[in-house]
Amino acid sequence: MRLIRNKYLQYLLVGAVFLLPVIIHGVPTATVTLAASMVYTAIAGLGINVLLGYSGQISLGHAAFMGLSAYMSAYLTKQLELPFLLSMLVAVIAPLLIGLILGAIAVRLEGFYLAIATLGFGEILRQLFIEMDWFTGGFSGASATYPKIFGHALTKNGMYIFMVGLLVALMMLVYNLVHSSTGRAMIAMKSSRTAAMAMGVNVFQYKLISFAISSVFAGLAGVCYVHFFRHVDPTVWTAALSLNLIALVVIGGAATVGGAVVGAVVMHGLPELMKGMPIIGEIPGVPLLIVGILMAIMLIFYPRGLIHIPRDIVTFFQKRAARAQKGDV
Amino acid sequence: MVEFFQQVVGGIETGSMYALAAMGLVLIYQTAKIINFSQGTLGMFMAYVCTGLILDLGLPMWIAVPVAMVLAMVLGALIDRFLMNGKSNITNLSREMITLAIIMIFQGLAPMLFGANETPFSKFISASALDIGGVKVLPNSILIIGITCVIMAVLFFVLEKTTLGVAVRATASNPQTARLQGIPVKMVTIGAWAVATALGCLAAVMVAPLKNVTISMMDSIHLNSFIASVLGGFSTFYGPVVASFIIGIANNLLGYYVSTKWSLPLLYALILLFIVLRPNGLFGKKIVKKV
């Protein structure tokens, strides 16, 4: 039992489950693609969870950060022919710098104002993606290849395995982060900024840290996206994606490490599942409709997030068992 | 100089659409303390309904639009009653997430009920442009600006001069105290949702002739009305309206004198800078937080 409770082991187990589509023979490649969508969204969602779930800041600009990294990585590997890992590093530093600037803005802004400021920022970036032809390829987009790591060229499955590895590593990183003094300071800042300041928490510093972390995660997700799908165009990085990232964190469970992963799986998996169904899938709009209805029902009746369901079921039965025992006595 | 006024008139026309949408956002924000992300989508859906009323039921436009607005009010009231307050212990964050869910629901419903094709939508008045001192103005634009001004005047009169307005403002300043004073806070938020959805519907119907009726027709209006609300300050009713016109006019002028491609990013950058320097918007007051 103790072994199951070990968080690192749990995260490795999540990784192993994600690897199933590659391990099992005869799984259609569409499934791998779907799973890859889940993994890259989960990576970005992890970052949003640090920002929203743990430190209580809202950003609607992170989709644009993902796009920025995706374009940069595509440009660096294709035009400048830099090695993948180096270009990944450079491509992640760009949103990090922007994240720091936004974090500095965030110190002055609260709640909705911050949300809209980041939204405006994201829209500016997206306009840049459309207009800067030489860098992004404009509306038609830029292309990239499967990466080469230490002279070893990855295939589609190889890239997917790399992404899953990254996801597991980042989950462990976030777990350690939120259980460190940094994490505690962030949580204190979320529940009351003034109280946190009174306790000696440097609010400026921790807002910057949480923005920086989430921007880096968004950047990594963007790099994963462009090297898995090998194509990037400006239609993907809209404010709607940023909203979806927030939604999946809330659906999965805010302020939990696994919440983003659960949310990403549900957000991508459910519409695909609906599309696959015989009658429902053929009417346009029905998958979206059903996901929307499920999301509303979830939020009204179970706002804590899907990830708490197993534990709640266990406590429910434990309580019942305890009551039954009392009844016997 | 004529060109300058031409751009200003165009800016006022788009600004009035932003203003209607922004007024809806602020009404809901002030009374229910949430941001309604679904405002644009609901407007889009109601524009489809309005098109259906005109094309399928053969109603003339001057009947179809008010009917669609009444339907929008009912829809808004139902959403507030059953989705926003379906259960007593929903947090405001959850409510905002539910408005995201509403986006999904109605973007799914629209192609299902009305088909995925773009539908053209005719103007209220299709007469040719009037020439006022060299500035060409379409009668339709005058109508749009006129309707917006009348609606704004009525709303501000109700908010400032009537008992109903006092109830709304009391709810906006403190829902708990308002309830203790015997103000039916729940009815106020339902009313706010109803009026806001109707305003969104009107904005969508106004923009429909320019963009056709599509799923994404309201995206840019919705975004700009958001930004206007922040620029004007969410804590006042008139701030967002003024800011909407500023954004509409500034966007046109930047487009004409600087660059069409870069007008919007440039405008957003300026607004961003402004928000950083004045975090509470043009007219907003600083909210002092107590521990």
# chains A, B, ... in the order shown; residues from 1 in each chain; ligands from 1
>>> residues_around(residues="Gly99 in chain A", least_positions_apart="2", cutoff="10 Å", atoms="only C-alpha atoms", output="VMD selection string")
chain A and resid 61 to 62 65 93 to 97 101 to 106 118 208 to 216
>>> write_last_selection(atoms="C-alpha atoms", output="CSV table (one decimal), in the first residue's frame")
chain,number,residue,atom,x,y,z
A,61,GLY,CA,-1.8,34.5,-22.9
A,62,HIS,CA,-0.1,31.1,-22.4
A,65,PHE,CA,3.8,31.4,-25.4
A,93,ILE,CA,14.1,31.0,-22.9
A,94,ALA,CA,12.0,33.3,-25.1
A,95,PRO,CA,8.7,32.7,-23.3
A,96,LEU,CA,10.6,32.7,-20.0
A,97,LEU,CA,11.8,36.3,-20.6
A,101,ILE,CA,8.0,40.7,-18.0
A,102,LEU,CA,4.4,39.6,-17.6
A,103,GLY,CA,5.1,38.6,-14.0
A,104,ALA,CA,6.5,42.1,-13.3
A,105,ILE,CA,3.2,43.5,-14.7
A,106,ALA,CA,1.2,41.0,-12.6
A,118,THR,CA,-2.3,38.7,-20.7
A,208,LEU,CA,7.7,36.2,-10.9
A,209,ILE,CA,8.7,32.6,-10.2
A,210,SER,CA,5.3,31.2,-10.8
A,211,PHE,CA,5.0,33.1,-14.1
A,212,ALA,CA,8.4,32.0,-15.1
A,213,ILE,CA,7.7,28.3,-14.4
A,214,SER,CA,4.4,28.3,-16.2
A,215,SER,CA,5.9,30.1,-19.2
A,216,VAL,CA,8.7,27.6,-19.5
>>> residues_around(residues="Thr41 in chain A", least_positions_apart="6", cutoff="8 Å", atoms="only C-alpha atoms", output="VMD selection string")
chain A and resid 221 245 264
>>> write_last_selection(atoms="N, CA and C atoms", output="PDB file, in the first residue's frame")
ATOM      1  N   ALA A 221       5.783  22.710 -23.998  1.00  0.00           N
ATOM      2  CA  ALA A 221       4.633  22.123 -24.688  1.00  0.00           C
ATOM      3  C   ALA A 221       4.619  22.520 -26.157  1.00  0.00           C
ATOM      4  N   LEU A 245      -6.914  25.618 -21.527  1.00  0.00           N
ATOM      5  CA  LEU A 245      -5.891  25.193 -20.564  1.00  0.00           C
ATOM      6  C   LEU A 245      -6.391  25.428 -19.142  1.00  0.00           C
ATOM      7  N   ALA A 264      -6.377  17.032 -19.227  1.00  0.00           N
ATOM      8  CA  ALA A 264      -5.966  16.947 -20.629  1.00  0.00           C
ATOM      9  C   ALA A 264      -6.521  15.686 -21.276  1.00  0.00           C
TER      10      ALA A 264
END
>>> residues_around(residues="Pro21 in chain A", least_positions_apart="6", cutoff="8 Å", atoms="only C-alpha atoms", output="list in words")
Val27, Thr31, Val32 and Ala35 of chain A
>>> residues_around(residues="Met218 in chain B", least_positions_apart="5", cutoff="7 Å", atoms="only C-alpha atoms", output="PyMOL selection string")
chain B and resi 40-41+44+204
>>> select_by_dssp(residues="range 114-176 of chain B", states="helix (DSSP H, G or I)", output="PyMOL selection string")
chain B and resi 114+139-161+163-173+175-176
>>> write_last_selection(atoms="N, CA and C atoms", output="compact mmCIF listing (two decimals), in the first residue's frame")
# COMPACT_ATOMS: atom_id res chain seq x y z
N PHE B 114 -28.55 24.89 -37.15
CA PHE B 114 -28.69 25.81 -38.28
C PHE B 114 -27.77 25.47 -39.45
N PRO B 139 -26.90 55.28 -44.10
CA PRO B 139 -28.03 55.41 -43.16
C PRO B 139 -28.04 54.28 -42.13
N ASN B 140 -27.57 53.08 -42.57
CA ASN B 140 -27.53 51.95 -41.65
C ASN B 140 -26.60 52.24 -40.47
N SER B 141 -25.45 52.90 -40.76
CA SER B 141 -24.52 53.25 -39.69
C SER B 141 -25.16 54.21 -38.72
N ILE B 142 -25.91 55.20 -39.28
CA ILE B 142 -26.58 56.17 -38.41
C ILE B 142 -27.56 55.44 -37.50
N LEU B 143 -28.28 54.47 -38.08
CA LEU B 143 -29.26 53.71 -37.30
C LEU B 143 -28.56 52.96 -36.16
N ILE B 144 -27.43 52.29 -36.49
CA ILE B 144 -26.69 51.52 -35.48
C ILE B 144 -26.25 52.43 -34.35
N ILE B 145 -25.64 53.58 -34.74
CA ILE B 145 -25.17 54.51 -33.71
C ILE B 145 -26.35 55.05 -32.91
N GLY B 146 -27.45 55.35 -33.61
CA GLY B 146 -28.63 55.88 -32.94
C GLY B 146 -29.20 54.90 -31.93
N ILE B 147 -29.38 53.63 -32.37
CA ILE B 147 -29.94 52.61 -31.46
C ILE B 147 -29.06 52.47 -30.22
N THR B 148 -27.74 52.43 -30.45
CA THR B 148 -26.82 52.28 -29.32
C THR B 148 -26.97 53.44 -28.36
N CYS B 149 -27.02 54.67 -28.90
CA CYS B 149 -27.14 55.83 -28.03
C CYS B 149 -28.43 55.78 -27.22
N VAL B 150 -29.54 55.42 -27.89
CA VAL B 150 -30.82 55.35 -27.18
C VAL B 150 -30.76 54.31 -26.06
N ILE B 151 -30.22 53.13 -26.39
CA ILE B 151 -30.17 52.06 -25.39
C ILE B 151 -29.30 52.47 -24.21
N MET B 152 -28.15 53.09 -24.52
CA MET B 152 -27.26 53.53 -23.45
C MET B 152 -27.97 54.57 -22.57
N ALA B 153 -28.68 55.51 -23.24
CA ALA B 153 -29.38 56.56 -22.48
C ALA B 153 -30.41 55.93 -21.56
N VAL B 154 -31.20 54.97 -22.10
CA VAL B 154 -32.23 54.32 -21.28
C VAL B 154 -31.58 53.59 -20.11
N LEU B 155 -30.50 52.83 -20.40
CA LEU B 155 -29.85 52.06 -19.34
C LEU B 155 -29.32 52.97 -18.25
N PHE B 156 -28.65 54.06 -18.66
CA PHE B 156 -28.08 54.94 -17.65
C PHE B 156 -29.17 55.65 -16.87
N PHE B 157 -30.29 56.00 -17.56
CA PHE B 157 -31.40 56.62 -16.85
C PHE B 157 -31.94 55.66 -15.79
N VAL B 158 -32.14 54.39 -16.20
CA VAL B 158 -32.68 53.40 -15.26
C VAL B 158 -31.70 53.20 -14.10
N LEU B 159 -30.40 53.14 -14.42
CA LEU B 159 -29.41 52.88 -13.37
C LEU B 159 -29.31 54.03 -12.39
N GLU B 160 -29.40 55.27 -12.90
CA GLU B 160 -29.13 56.41 -12.04
C GLU B 160 -30.38 56.99 -11.39
N LYS B 161 -31.53 56.89 -12.05
CA LYS B 161 -32.68 57.69 -11.60
C LYS B 161 -33.83 56.86 -11.05
N THR B 163 -35.72 53.42 -8.91
CA THR B 163 -35.54 52.53 -7.77
C THR B 163 -34.86 51.24 -8.21
N LEU B 164 -35.25 50.77 -9.39
CA LEU B 164 -34.63 49.57 -9.94
C LEU B 164 -33.12 49.76 -10.04
N GLY B 165 -32.73 50.95 -10.55
CA GLY B 165 -31.31 51.25 -10.69
C GLY B 165 -30.60 51.26 -9.34
N VAL B 166 -31.27 51.80 -8.33
CA VAL B 166 -30.68 51.81 -7.00
C VAL B 166 -30.45 50.38 -6.52
N ALA B 167 -31.43 49.50 -6.79
CA ALA B 167 -31.29 48.10 -6.40
C ALA B 167 -30.09 47.48 -7.09
N VAL B 168 -29.93 47.77 -8.40
CA VAL B 168 -28.81 47.21 -9.14
C VAL B 168 -27.49 47.73 -8.58
N ARG B 169 -27.45 49.05 -8.31
CA ARG B 169 -26.18 49.62 -7.82
C ARG B 169 -25.87 49.13 -6.41
N ALA B 170 -26.91 48.94 -5.61
CA ALA B 170 -26.68 48.42 -4.25
C ALA B 170 -26.12 47.02 -4.32
N THR B 171 -26.70 46.19 -5.22
CA THR B 171 -26.18 44.84 -5.40
C THR B 171 -24.74 44.88 -5.86
N ALA B 172 -24.45 45.83 -6.76
CA ALA B 172 -23.10 45.92 -7.29
C ALA B 172 -22.11 46.28 -6.19
N SER B 173 -22.52 47.17 -5.28
CA SER B 173 -21.53 47.61 -4.29
C SER B 173 -21.38 46.58 -3.18
N PRO B 175 -23.46 42.79 -2.34
CA PRO B 175 -24.64 41.92 -2.44
C PRO B 175 -25.23 41.56 -1.07
N GLN B 176 -24.33 41.33 -0.08
CA GLN B 176 -24.82 40.90 1.23
C GLN B 176 -25.66 42.00 1.90
>>> closest_residue(among="B:Thr91, B:Ser235, B:Ser225, B:Asn117", to="Leu20 in chain B", atoms="only C-alpha atoms")
B:Ser225
>>> closest_atom_pairs(of="chain A", to="chain B", cutoff="6 Å", atoms="only C-alpha atoms", output="JSON lines")
{"residue": "A:Leu109", "atom": "CA", "partner": "B:Pro279", "partner_atom": "CA", "distance": 5.9}
{"residue": "A:Ala117", "atom": "CA", "partner": "B:Leu272", "partner_atom": "CA", "distance": 6.0}
{"residue": "A:Gly120", "atom": "CA", "partner": "B:Tyr268", "partner_atom": "CA", "distance": 5.8}
{"residue": "A:Ile124", "atom": "CA", "partner": "B:Pro265", "partner_atom": "CA", "distance": 4.8}
{"residue": "A:Pro284", "atom": "CA", "partner": "B:Met112", "partner_atom": "CA", "distance": 5.7}
{"residue": "A:Gly285", "atom": "CA", "partner": "B:Gly108", "partner_atom": "CA", "distance": 3.9}
{"residue": "A:Val286", "atom": "CA", "partner": "B:Gly108", "partner_atom": "CA", "distance": 5.7}
{"residue": "A:Leu288", "atom": "CA", "partner": "B:Gly108", "partner_atom": "CA", "distance": 5.0}
{"residue": "A:Leu289", "atom": "CA", "partner": "B:Ile105", "partner_atom": "CA", "distance": 4.3}
{"residue": "A:Gly292", "atom": "CA", "partner": "B:Ala101", "partner_atom": "CA", "distance": 4.5}
{"residue": "A:Met295", "atom": "CA", "partner": "B:Ala101", "partner_atom": "CA", "distance": 5.9}
{"residue": "A:Ala296", "atom": "CA", "partner": "B:Ile98", "partner_atom": "CA", "distance": 5.3}
{"residue": "A:Leu299", "atom": "CA", "partner": "B:Ser94", "partner_atom": "CA", "distance": 5.9}
>>> residues_around(residues="range 126-137 of chain B", least_positions_apart="2", cutoff="12 Å", atoms="only C-alpha atoms", output="VMD selection string")
chain B and resid 1 to 13 121 to 124 139 to 145 209
>>> closest_residue(among="B:Thr162, B:Thr197, B:Thr51, B:Thr14", to="Leu27 in chain B", atoms="only C-alpha atoms")
B:Thr197
>>> closest_residue(among="A:Tyr175, A:Tyr302, A:Phe162, A:Phe18", to="Leu85 in chain A", atoms="only C-alpha atoms")
A:Phe162
>>> residues_around(residues="Met132 in chain A", least_positions_apart="5", cutoff="12 Å", atoms="only C-alpha atoms", output="list in words")
Leu68, Tyr71, Ile124, Leu125, Arg126, Gln127, Gly137, Gly138, Phe139, Ser140, Gly141, Ala142, Asp233 and Pro234 of chain A; Lys261 and Trp262 of chain B
